[in-house]
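Colleague: Dropping in model_36.cif, which is mmCIF, C-alpha atoms:
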data_work
loop_
_atom_site.label_atom_id
_atom_site.label_comp_id
_atom_site.auth_asym_id
_atom_site.auth_seq_id
_atom_site.Cartn_x
_atom_site.Cartn_y
_atom_site.Cartn_z
CA MET A 16 8.91 102.87 -7.23
CA ALA A 17 10.22 103.55 -3.91
CA PHE A 18 13.51 102.18 -2.79
CA GLY A 19 14.44 101.57 0.77
CA SER A 20 17.12 103.79 2.13
CA SER A 21 20.47 102.23 2.61
CA ARG A 22 22.86 103.40 5.43
CA ALA A 23 26.50 103.02 5.16
CA THR A 24 28.20 101.72 8.22
CA SER A 25 29.95 104.41 10.15
CA GLY A 26 33.25 102.63 10.10
CA GLY A 27 33.69 102.50 6.32
CA LYS A 28 34.89 99.22 4.97
CA HIS A 29 35.17 96.52 7.58
CA ARG A 30 38.54 94.57 7.77
CA GLY A 31 39.30 91.80 10.16
CA SER A 32 42.38 92.24 12.39
CA SER A 33 45.40 90.18 11.32
CA ARG A 34 46.85 87.73 13.78
CA LEU A 35 50.33 88.29 12.13
CA SER A 36 50.59 91.96 13.03
CA ARG A 37 52.24 91.49 16.43
CA LYS A 38 55.78 92.07 15.13
CA THR A 39 56.85 93.97 12.01
CA ALA A 40 60.04 94.81 10.19
CA GLY A 41 60.89 97.20 7.35
CA VAL A 42 62.30 96.47 4.01
CA ALA A 43 65.74 96.73 5.57
CA GLY A 44 64.91 93.65 7.66
CA ILE A 45 64.13 91.63 4.56
CA ALA A 46 67.39 92.80 2.96
CA ALA A 47 69.27 91.61 6.05
CA LEU A 48 67.61 88.23 5.76
CA ALA A 49 68.65 87.96 2.12
CA ALA A 50 72.24 88.96 3.00
CA THR A 51 72.62 86.27 5.65
CA GLY A 52 70.91 83.62 3.61
CA VAL A 53 68.49 82.97 6.44
CA ALA A 54 65.43 84.10 4.44
CA ALA A 55 66.00 81.37 1.91
CA THR A 56 66.46 78.59 4.47
CA LEU A 57 63.98 79.57 7.14
CA ALA A 58 61.27 81.70 5.54
CA ALA A 59 60.25 79.34 2.73
CA PRO A 60 59.33 76.38 4.97
CA ALA A 61 57.49 78.69 7.32
CA PHE A 62 55.49 80.26 4.49
CA ALA A 63 54.63 76.90 2.97
CA ALA A 64 53.46 75.45 6.26
CA ASP A 65 50.75 77.97 6.95
CA ASN A 66 49.82 80.55 4.33
CA HIS A 67 47.20 82.09 6.56
CA HIS A 68 49.18 82.48 9.77
CA SER A 69 52.88 82.56 8.76
CA THR A 70 53.19 84.18 5.33
CA PRO A 71 54.69 87.68 5.54
CA GLN A 72 51.98 90.18 4.66
CA ASP A 73 52.05 93.68 3.24
CA SER A 74 50.59 95.91 5.93
CA GLY A 75 49.67 98.51 3.37
CA THR A 76 52.46 100.80 4.48
CA GLY A 77 55.34 99.09 2.60
CA ALA A 78 56.42 97.03 5.63
CA PHE A 79 56.37 93.27 5.95
CA VAL A 80 55.21 91.31 8.94
CA ILE A 81 57.66 88.64 10.25
CA PRO A 82 56.36 85.75 12.34
CA ASP A 83 57.58 85.51 15.95
CA THR A 84 59.15 82.06 15.36
CA LEU A 85 61.23 83.33 12.45
CA ALA A 86 62.34 86.38 14.39
CA GLY A 87 63.39 84.13 17.27
CA ASP A 88 65.37 81.91 14.95
CA LEU A 89 67.15 84.90 13.49
CA GLU A 90 67.99 86.25 16.90
CA ALA A 91 69.30 82.86 18.03
CA GLN A 92 71.46 82.58 14.94
CA ALA A 93 72.78 86.10 15.48
CA ASP A 94 73.60 85.22 19.10
CA ALA A 95 75.37 82.05 17.95
CA GLN A 96 77.40 84.03 15.45
CA ARG A 97 78.35 86.60 18.07
CA ASN A 98 79.31 83.85 20.52
CA ALA A 99 81.40 82.12 17.86
CA ALA A 100 83.15 85.40 17.05
CA ASP A 101 83.80 86.05 20.75
CA THR A 102 85.15 82.52 21.20
CA ALA A 103 87.43 82.89 18.19
CA ALA A 104 88.69 86.23 19.47
CA LEU A 105 89.38 84.76 22.93
CA LYS A 106 91.23 81.82 21.31
CA VAL A 107 93.41 84.19 19.27
CA GLN A 108 94.11 86.27 22.38
CA ALA A 109 95.01 83.15 24.41
CA GLU A 110 97.31 81.88 21.65
CA THR A 111 99.00 85.30 21.41
CA GLU A 112 99.50 85.44 25.18
CA ALA A 113 100.86 81.88 25.18
CA LYS A 114 103.35 82.72 22.42
CA THR A 115 104.41 85.87 24.29
CA LYS A 116 104.93 83.91 27.51
CA ALA A 117 106.87 81.20 25.66
CA ALA A 118 109.10 83.81 24.01
CA GLU A 119 109.72 85.49 27.36
CA ALA A 120 110.53 82.13 28.95
CA ARG A 121 113.02 81.38 26.17
CA ARG A 122 114.57 84.81 26.56
CA MET A 123 114.95 84.34 30.31
CA ALA A 124 116.38 80.84 29.85
CA GLU A 125 118.90 82.12 27.29
CA ALA A 126 119.85 85.02 29.56
CA LYS A 127 120.33 82.63 32.48
CA ALA A 128 122.43 80.24 30.37
CA LYS A 129 124.54 83.16 29.13
CA ALA A 130 125.07 84.43 32.69
CA GLU A 131 126.07 80.94 33.83
CA ARG A 132 128.52 80.58 30.93
CA GLU A 133 130.05 83.96 31.67
CA ALA A 134 130.32 83.13 35.37
CA LYS A 135 132.03 79.84 34.56
CA GLU A 136 134.39 81.56 32.13
CA ARG A 137 135.29 84.13 34.81
CA ALA A 138 135.85 81.35 37.33
CA ASP A 139 137.99 79.42 34.86
CA ARG A 140 140.05 82.53 34.08
CA GLU A 141 140.51 83.23 37.77
CA GLU A 142 141.52 79.64 38.39
CA GLU A 143 143.98 79.82 35.51
CA ARG A 144 145.33 83.12 36.81
CA LYS A 145 145.81 81.62 40.26
CA ARG A 146 147.45 78.55 38.76
CA LEU A 147 149.83 80.64 36.68
CA ASN A 148 150.66 82.95 39.56
CA ALA A 149 150.79 80.32 42.31
CA PHE A 150 154.12 79.47 43.90
CA VAL A 151 155.19 76.53 46.06
CA LEU A 152 158.29 75.27 47.83
CA PRO A 153 160.77 73.42 45.58
CA ILE A 154 160.85 70.47 48.00
CA THR A 155 157.84 69.44 50.07
CA GLY A 156 158.35 69.13 53.83
CA SER A 157 161.95 70.32 53.79
CA TYR A 158 163.80 73.17 55.50
CA VAL A 159 166.60 75.62 54.74
CA SER A 160 169.94 74.17 55.82
CA THR A 161 172.13 77.07 54.58
CA GLN A 162 170.94 80.67 54.42
CA TYR A 163 171.33 83.21 51.63
CA GLY A 164 174.51 85.29 51.90
CA ALA A 165 176.30 82.89 54.24
CA GLY A 166 180.12 83.31 53.99
CA GLY A 167 182.76 80.68 53.43
CA GLY A 168 185.46 79.37 51.14
CA MET A 169 183.12 76.97 49.38
CA TRP A 170 181.69 79.75 47.23
CA SER A 171 183.76 81.54 44.62
CA SER A 172 181.96 84.81 45.29
CA GLY A 173 182.77 84.53 48.98
CA SER A 174 179.11 84.18 49.98
CA HIS A 175 176.18 81.89 49.30
CA THR A 176 174.14 83.13 46.31
CA GLY A 177 171.10 81.05 47.14
CA ILE A 178 169.69 78.83 49.87
CA ASP A 179 170.15 75.10 50.42
CA PHE A 180 167.17 72.85 51.11
CA HIS A 181 167.80 69.67 53.04
CA ALA A 182 167.12 66.71 50.74
CA ASP A 183 168.23 63.10 50.51
CA GLN A 184 169.49 61.71 47.24
CA GLY A 185 166.63 61.33 44.74
CA THR A 186 164.09 63.62 46.43
CA VAL A 187 161.52 65.06 44.02
CA VAL A 188 162.22 68.69 43.08
CA HIS A 189 159.30 70.92 41.95
CA ALA A 190 159.13 74.08 39.87
CA VAL A 191 158.22 76.81 42.33
CA GLY A 192 156.02 78.58 39.76
CA ALA A 193 154.78 78.41 36.18
CA GLY A 194 157.22 79.34 33.44
CA VAL A 195 159.46 78.08 30.67
CA ILE A 196 162.72 76.13 30.97
CA VAL A 197 165.65 78.24 29.72
CA GLU A 198 168.47 75.96 30.93
CA SER A 199 168.64 72.24 31.65
CA GLY A 200 172.04 70.53 31.84
CA ASP A 201 175.53 70.86 33.24
CA GLY A 202 175.98 74.06 35.23
CA GLY A 203 179.63 73.71 36.26
CA ALA A 204 179.89 74.18 40.02
CA TYR A 205 176.09 73.79 40.20
CA GLY A 206 176.32 70.30 38.69
CA ASN A 207 173.18 69.28 36.84
CA ASN A 208 171.01 72.38 37.05
CA ILE A 209 167.74 73.86 35.73
CA VAL A 210 166.81 77.53 35.24
CA ILE A 211 163.18 78.62 34.83
CA LYS A 212 161.92 81.96 33.53
CA HIS A 213 158.61 82.72 35.28
CA ASN A 214 155.61 84.63 33.99
CA ASP A 215 156.51 87.74 36.00
CA GLY A 216 159.96 87.94 34.36
CA THR A 217 161.92 86.57 37.32
CA TYR A 218 164.07 83.42 37.27
CA THR A 219 164.72 80.51 39.63
CA GLN A 220 167.65 78.06 39.57
CA TYR A 221 167.90 74.48 40.91
CA GLY A 222 171.39 72.95 41.38
CA HIS A 223 173.20 69.68 42.19
CA LEU A 224 170.42 67.53 40.67
CA SER A 225 170.86 63.79 40.10
CA LEU A 226 168.17 63.71 37.37
CA LEU A 227 166.78 66.27 34.95
CA SER A 228 163.11 65.71 33.98
CA VAL A 229 162.56 68.69 31.65
CA SER A 230 164.13 70.19 28.55
CA VAL A 231 164.83 73.74 27.33
CA GLY A 232 161.71 75.38 25.92
CA GLU A 233 159.30 73.22 27.91
CA GLN A 234 156.44 74.93 29.74
CA VAL A 235 156.02 73.97 33.40
CA THR A 236 153.48 74.71 36.11
CA ALA A 237 153.82 75.36 39.81
CA GLY A 238 154.47 72.10 41.67
CA GLN A 239 155.45 70.15 38.55
CA GLN A 240 158.33 67.72 38.99
CA ILE A 241 161.42 68.93 37.13
CA GLY A 242 164.08 66.61 38.56
CA LEU A 243 165.55 64.77 41.53
CA SER A 244 167.93 66.13 44.14
CA GLY A 245 171.51 64.88 44.15
CA ASN A 246 175.18 65.51 44.82
CA THR A 247 176.55 66.71 41.45
CA GLY A 248 178.90 69.68 41.05
CA ASN A 249 180.65 71.51 43.88
CA THR A 250 178.90 70.05 46.92
CA SER A 251 179.64 68.36 50.22
CA GLY A 252 176.59 66.09 50.11
CA PRO A 253 173.08 65.63 48.67
CA HIS A 254 170.87 68.72 48.87
CA LEU A 255 169.09 71.24 46.62
CA HIS A 256 170.72 74.57 45.88
CA PHE A 257 167.96 77.08 45.04
CA GLU A 258 168.39 80.61 43.72
CA ALA A 259 166.02 83.45 42.80
CA ARG A 260 167.32 85.81 40.12
CA THR A 261 166.42 88.89 38.10
CA GLY A 262 168.14 87.36 35.05
CA PRO A 263 169.08 83.88 33.81
CA SER A 264 172.77 84.02 34.68
CA TYR A 265 174.96 83.81 37.74
CA GLY A 266 175.38 87.12 39.58
CA SER A 267 171.76 88.33 39.25
CA ASP A 268 170.69 86.61 42.47
CA ILE A 269 168.22 88.07 45.01
CA ASP A 270 167.17 86.82 48.45
CA PRO A 271 165.27 83.54 47.75
CA VAL A 272 163.40 83.57 51.08
CA ALA A 273 162.08 87.09 50.54
CA TYR A 274 161.24 86.15 46.95
CA LEU A 275 159.19 83.10 47.91
CA ARG A 276 157.42 84.95 50.72
CA SER A 277 156.45 87.71 48.25
CA LYS A 278 154.75 84.98 46.21
CA GLY A 279 152.72 83.80 49.19
CA VAL A 280 154.89 80.83 50.11
CA SER A 281 155.44 80.12 53.81
CA ILE A 282 159.09 79.51 54.48
#
Please express what this file holds, its structure, as structure tokens.
Modeller:
Amino acid sequence: MAFGSSRATSGGKHRGSSRLSRKTAGVAGIAALAATGVAATLAAPAFAADNHHSTPQDSGTGAFVIPDTLAGDLEAQADAQRNAADTAALKVQAETEAKTKAAEARRMAEAKAKAEREAKERADREEERKRLNAFVLPITGSYVSTQYGAGGGMWSSGSHTGIDFHADQGTVVHAVGAGVIVESGDGGAYGNNIVIKHNDGTYTQYGHLSLLSVSVGEQVTAGQQIGLSGNTGNTSGPHLHFEARTGPSYGSDIDPVAYLRSKGVSI
């Protein structure tokens, strides 16, 4: 019995082309999906929706085919993650820069405050120095009525050991400079008198006072009232006898006019 010849098709077995073969990924792609958790949340619904068009297929080479929609979702999620990471990094950078600027502002403010304090302290010290070293006339608006060294029988030494300032009874007498009171009371021929030791080690004496306003040991400043002029002791009338001395006692006198002028006082 004869059998008809049978020809095999030249192409071997015929297989239809898959519509899912447009984009492929290796096993490593599937592992990445598992690591991110995306395969579990995105792949399952896609596979269930369309087994024919969306289910990943084995291409016969060990690779799996991933649908375009799933690949797009993965890429979008990756972009979102990158954007979130970039945003977080920019936020951290901005916060760091803000903290740095705030710290620098505090440092500058503290430096400015310190400089201002130091400047004020210097100014206060200078003001105090000027106050302690300032000198004034013992009587405001007066004049010298008897000069230093003038001769005559009124003085036991034969000459005037100080200068006399014209002053009516009860005129305010000032300390010429800062210092401490070393004598306040009866001075014999000087009547009621005061002696001041000044900060530079010199002394000044005020005689014939009608009132004493300070006591021994008291600190005084330039221009402070220490008494009132008068006519006590060896005197021919109300006035202020003023001496400059190198020591506290009689006989250590120096020229009062030159002394006051050396202290910046106009006389």
Colleague: Could you tell me which residues the PyMOL selection byres ((chain A and resi 214) around 10) grabs in this file, written as JSON, numbers by chain?
Modeller: {"A": [147, 148, 192, 193, 194, 195, 211, 212, 213, 215, 216, 217, 218]}
Colleague: Could you write those residues out with C-alpha atoms, as a short mmCIF file (atom, residue, chain, number, x, y, z; two decimals), in the frame of the given file?
Modeller:
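Produced file part.cif, reproduced below:
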data_model
loop_
_atom_site.label_atom_id
_atom_site.label_comp_id
_atom_site.auth_asym_id
_atom_site.auth_seq_id
_atom_site.Cartn_x
_atom_site.Cartn_y
_atom_site.Cartn_z
CA LEU A 147 149.83 80.64 36.68
CA ASN A 148 150.66 82.95 39.56
CA GLY A 192 156.02 78.58 39.76
CA ALA A 193 154.78 78.41 36.18
CA GLY A 194 157.22 79.34 33.44
CA VAL A 195 159.46 78.08 30.67
CA ILE A 211 163.18 78.62 34.83
CA LYS A 212 161.92 81.96 33.53
CA HIS A 213 158.61 82.72 35.28
CA ASP A 215 156.51 87.74 36.00
CA GLY A 216 159.96 87.94 34.36
CA THR A 217 161.92 86.57 37.32
CA TYR A 218 164.07 83.42 37.27
#
Colleague: Between A:Met169, A:Leu255, A:Arg144, A:Gly202, which has the minimum distance to Val188 of chain A (counting only C-alpha atoms)?
Modeller: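 Once distances to Val188 of chain A are computed over only C-alpha atoms, the minimum belongs to A:Leu255.
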Colleague: Please compute the atom CA of Gly279 of chain A-atom CA of Gly262 of chain A distance, one decimal, in Å.
Modeller: 21.2 Å
Colleague: Please evaluate the PyMOL selection byres ((chain A and resi 201) around 12) against the structure above and give the resulting residues as a PDB file with C-alpha atoms, in the frame of the given file.
Modeller:
ATOM      1  CA  GLU A 198     168.470  75.960  30.930  1.00  0.00           C
ATOM      2  CA  SER A 199     168.640  72.240  31.650  1.00  0.00           C
ATOM      3  CA  GLY A 200     172.040  70.530  31.840  1.00  0.00           C
ATOM      4  CA  GLY A 202     175.980  74.060  35.230  1.00  0.00           C
ATOM      5  CA  GLY A 203     179.630  73.710  36.260  1.00  0.00           C
ATOM      6  CA  ALA A 204     179.890  74.180  40.020  1.00  0.00           C
ATOM      7  CA  TYR A 205     176.090  73.790  40.200  1.00  0.00           C
ATOM      8  CA  GLY A 206     176.320  70.300  38.690  1.00  0.00           C
ATOM      9  CA  ASN A 207     173.180  69.280  36.840  1.00  0.00           C
ATOM     10  CA  ASN A 208     171.010  72.380  37.050  1.00  0.00           C
ATOM     11  CA  ILE A 209     167.740  73.860  35.730  1.00  0.00           C
ATOM     12  CA  VAL A 210     166.810  77.530  35.240  1.00  0.00           C
ATOM     13  CA  TYR A 221     167.900  74.480  40.910  1.00  0.00           C
ATOM     14  CA  GLY A 222     171.390  72.950  41.380  1.00  0.00           C
ATOM     15  CA  HIS A 223     173.200  69.680  42.190  1.00  0.00           C
ATOM     16  CA  LEU A 224     170.420  67.530  40.670  1.00  0.00           C
ATOM     17  CA  SER A 225     170.860  63.790  40.100  1.00  0.00           C
ATOM     18  CA  LEU A 226     168.170  63.710  37.370  1.00  0.00           C
ATOM     19  CA  LEU A 227     166.780  66.270  34.950  1.00  0.00           C
ATOM     20  CA  THR A 247     176.550  66.710  41.450  1.00  0.00           C
ATOM     21  CA  GLY A 248     178.900  69.680  41.050  1.00  0.00           C
ATOM     22  CA  ASN A 249     180.650  71.510  43.880  1.00  0.00           C
TER      23      ASN A 249
END
Colleague: Output the residue selection produced by the PyMOL selection byres ((chain A and resi 153-165) around 10) on the file above, formatted as number ranges by chain.
Modeller: A: 150-152, 166-167, 170, 172-182, 186-192, 221, 237-241, 243-244, 254-258, 268-272, 282
Colleague: Just how far from atom CA of Ser230 of chain A is atom CA of Tyr265 of chain A, in Å to one decimal?
Modeller: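 Interatomic distance, atom CA of Tyr265 of chain A to atom CA of Ser230 of chain A: 19.7 Å.
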Colleague: Please determine, counting all atoms listed in the file, which residue among A:Met123, A:Glu112, A:Gly242, A:Leu89 has the shortest atom-to-atom distance to Gly185 of chain A.
Modeller: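 Going through A:Met123, A:Glu112, A:Gly242, A:Leu89 one by one, the smallest distance to Gly185 of chain A is for A:Gly242.
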Colleague: Restricting the calculation to only C-alpha atoms: of A:Ala149, A:Ser228, A:Pro253, A:Asn98, which residue gets closest to Arg276 of chain A?
Modeller: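 The closest residue to Arg276 of chain A is A:Ala149.
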Colleague: Find the distance between atom CA of Ala86 of chain A and atom CA of Ala99 of chain A and write it in Å to one decimal.
Modeller: 19.8 Å
Colleague: Taking all listed atoms of segment 83-100 of chain A, build the axis-aligned box, pad each of the six sides by 8 Å, then write its centre and edge lengths in Å to one decimal as JSON.
Modeller:
{"center_x": 70.4, "center_y": 84.3, "center_z": 16.5, "size_x": 41.6, "size_y": 20.7, "size_z": 24.1}
Colleague: Copy segment 154-170 of chain A out of the block into a file, keeping N, CA and C atoms, as a PDB file, in the first residue's frame.
Modeller:
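Final output, selection_26.pdb:
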ATOM      1  N   ILE A 154      38.629 128.296  95.314  1.00  0.00           N
ATOM      2  CA  ILE A 154      37.458 129.173  95.379  1.00  0.00           C
ATOM      3  C   ILE A 154      37.114 129.598  93.955  1.00  0.00           C
ATOM      4  N   THR A 155      35.878 129.381  93.572  1.00  0.00           N
ATOM      5  CA  THR A 155      35.442 129.703  92.212  1.00  0.00           C
ATOM      6  C   THR A 155      35.287 131.218  92.037  1.00  0.00           C
ATOM      7  N   GLY A 156      35.839 131.726  90.931  1.00  0.00           N
ATOM      8  CA  GLY A 156      35.658 133.127  90.577  1.00  0.00           C
ATOM      9  C   GLY A 156      36.426 134.112  91.431  1.00  0.00           C
ATOM     10  N   SER A 157      37.452 133.618  92.145  1.00  0.00           N
ATOM     11  CA  SER A 157      38.217 134.513  93.009  1.00  0.00           C
ATOM     12  C   SER A 157      39.534 134.916  92.329  1.00  0.00           C
ATOM     13  N   TYR A 158      40.394 135.571  93.102  1.00  0.00           N
ATOM     14  CA  TYR A 158      41.697 135.990  92.599  1.00  0.00           C
ATOM     15  C   TYR A 158      42.684 136.010  93.760  1.00  0.00           C
ATOM     16  N   VAL A 159      43.975 136.027  93.408  1.00  0.00           N
ATOM     17  CA  VAL A 159      45.024 136.027  94.440  1.00  0.00           C
ATOM     18  C   VAL A 159      45.228 137.466  94.933  1.00  0.00           C
ATOM     19  N   SER A 160      45.017 137.629  96.248  1.00  0.00           N
ATOM     20  CA  SER A 160      45.164 138.967  96.836  1.00  0.00           C
ATOM     21  C   SER A 160      46.550 139.187  97.433  1.00  0.00           C
ATOM     22  N   THR A 161      47.235 138.089  97.828  1.00  0.00           N
ATOM     23  CA  THR A 161      48.605 138.180  98.346  1.00  0.00           C
ATOM     24  C   THR A 161      49.420 137.044  97.741  1.00  0.00           C
ATOM     25  N   GLN A 162      50.559 137.395  97.155  1.00  0.00           N
ATOM     26  CA  GLN A 162      51.366 136.420  96.430  1.00  0.00           C
ATOM     27  C   GLN A 162      52.221 135.570  97.370  1.00  0.00           C
ATOM     28  N   TYR A 163      52.710 134.468  96.826  1.00  0.00           N
ATOM     29  CA  TYR A 163      53.624 133.574  97.541  1.00  0.00           C
ATOM     30  C   TYR A 163      54.981 134.262  97.718  1.00  0.00           C
ATOM     31  N   GLY A 164      55.529 134.169  98.930  1.00  0.00           N
ATOM     32  CA  GLY A 164      56.845 134.739  99.200  1.00  0.00           C
ATOM     33  C   GLY A 164      56.839 136.209  99.554  1.00  0.00           C
ATOM     34  N   ALA A 165      55.656 136.819  99.610  1.00  0.00           N
ATOM     35  CA  ALA A 165      55.588 138.244  99.982  1.00  0.00           C
ATOM     36  C   ALA A 165      56.144 138.438 101.404  1.00  0.00           C
ATOM     37  N   GLY A 166      56.901 139.532 101.626  1.00  0.00           N
ATOM     38  CA  GLY A 166      57.516 139.784 102.934  1.00  0.00           C
ATOM     39  C   GLY A 166      56.623 140.616 103.837  1.00  0.00           C
ATOM     40  N   GLY A 167      56.933 140.553 105.137  1.00  0.00           N
ATOM     41  CA  GLY A 167      56.176 141.379 106.070  1.00  0.00           C
ATOM     42  C   GLY A 167      56.210 140.777 107.459  1.00  0.00           C
ATOM     43  N   GLY A 168      55.873 141.607 108.449  1.00  0.00           N
ATOM     44  CA  GLY A 168      55.931 141.198 109.832  1.00  0.00           C
ATOM     45  C   GLY A 168      54.760 140.329 110.254  1.00  0.00           C
ATOM     46  N   MET A 169      53.810 140.134 109.390  1.00  0.00           N
ATOM     47  CA  MET A 169      52.648 139.310 109.751  1.00  0.00           C
ATOM     48  C   MET A 169      53.001 137.816 109.791  1.00  0.00           C
ATOM     49  N   TRP A 170      54.089 137.452 109.142  1.00  0.00           N
ATOM     50  CA  TRP A 170      54.423 136.028 109.030  1.00  0.00           C
ATOM     51  C   TRP A 170      55.676 135.718 109.856  1.00  0.00           C
TER      52      TRP A 170
END
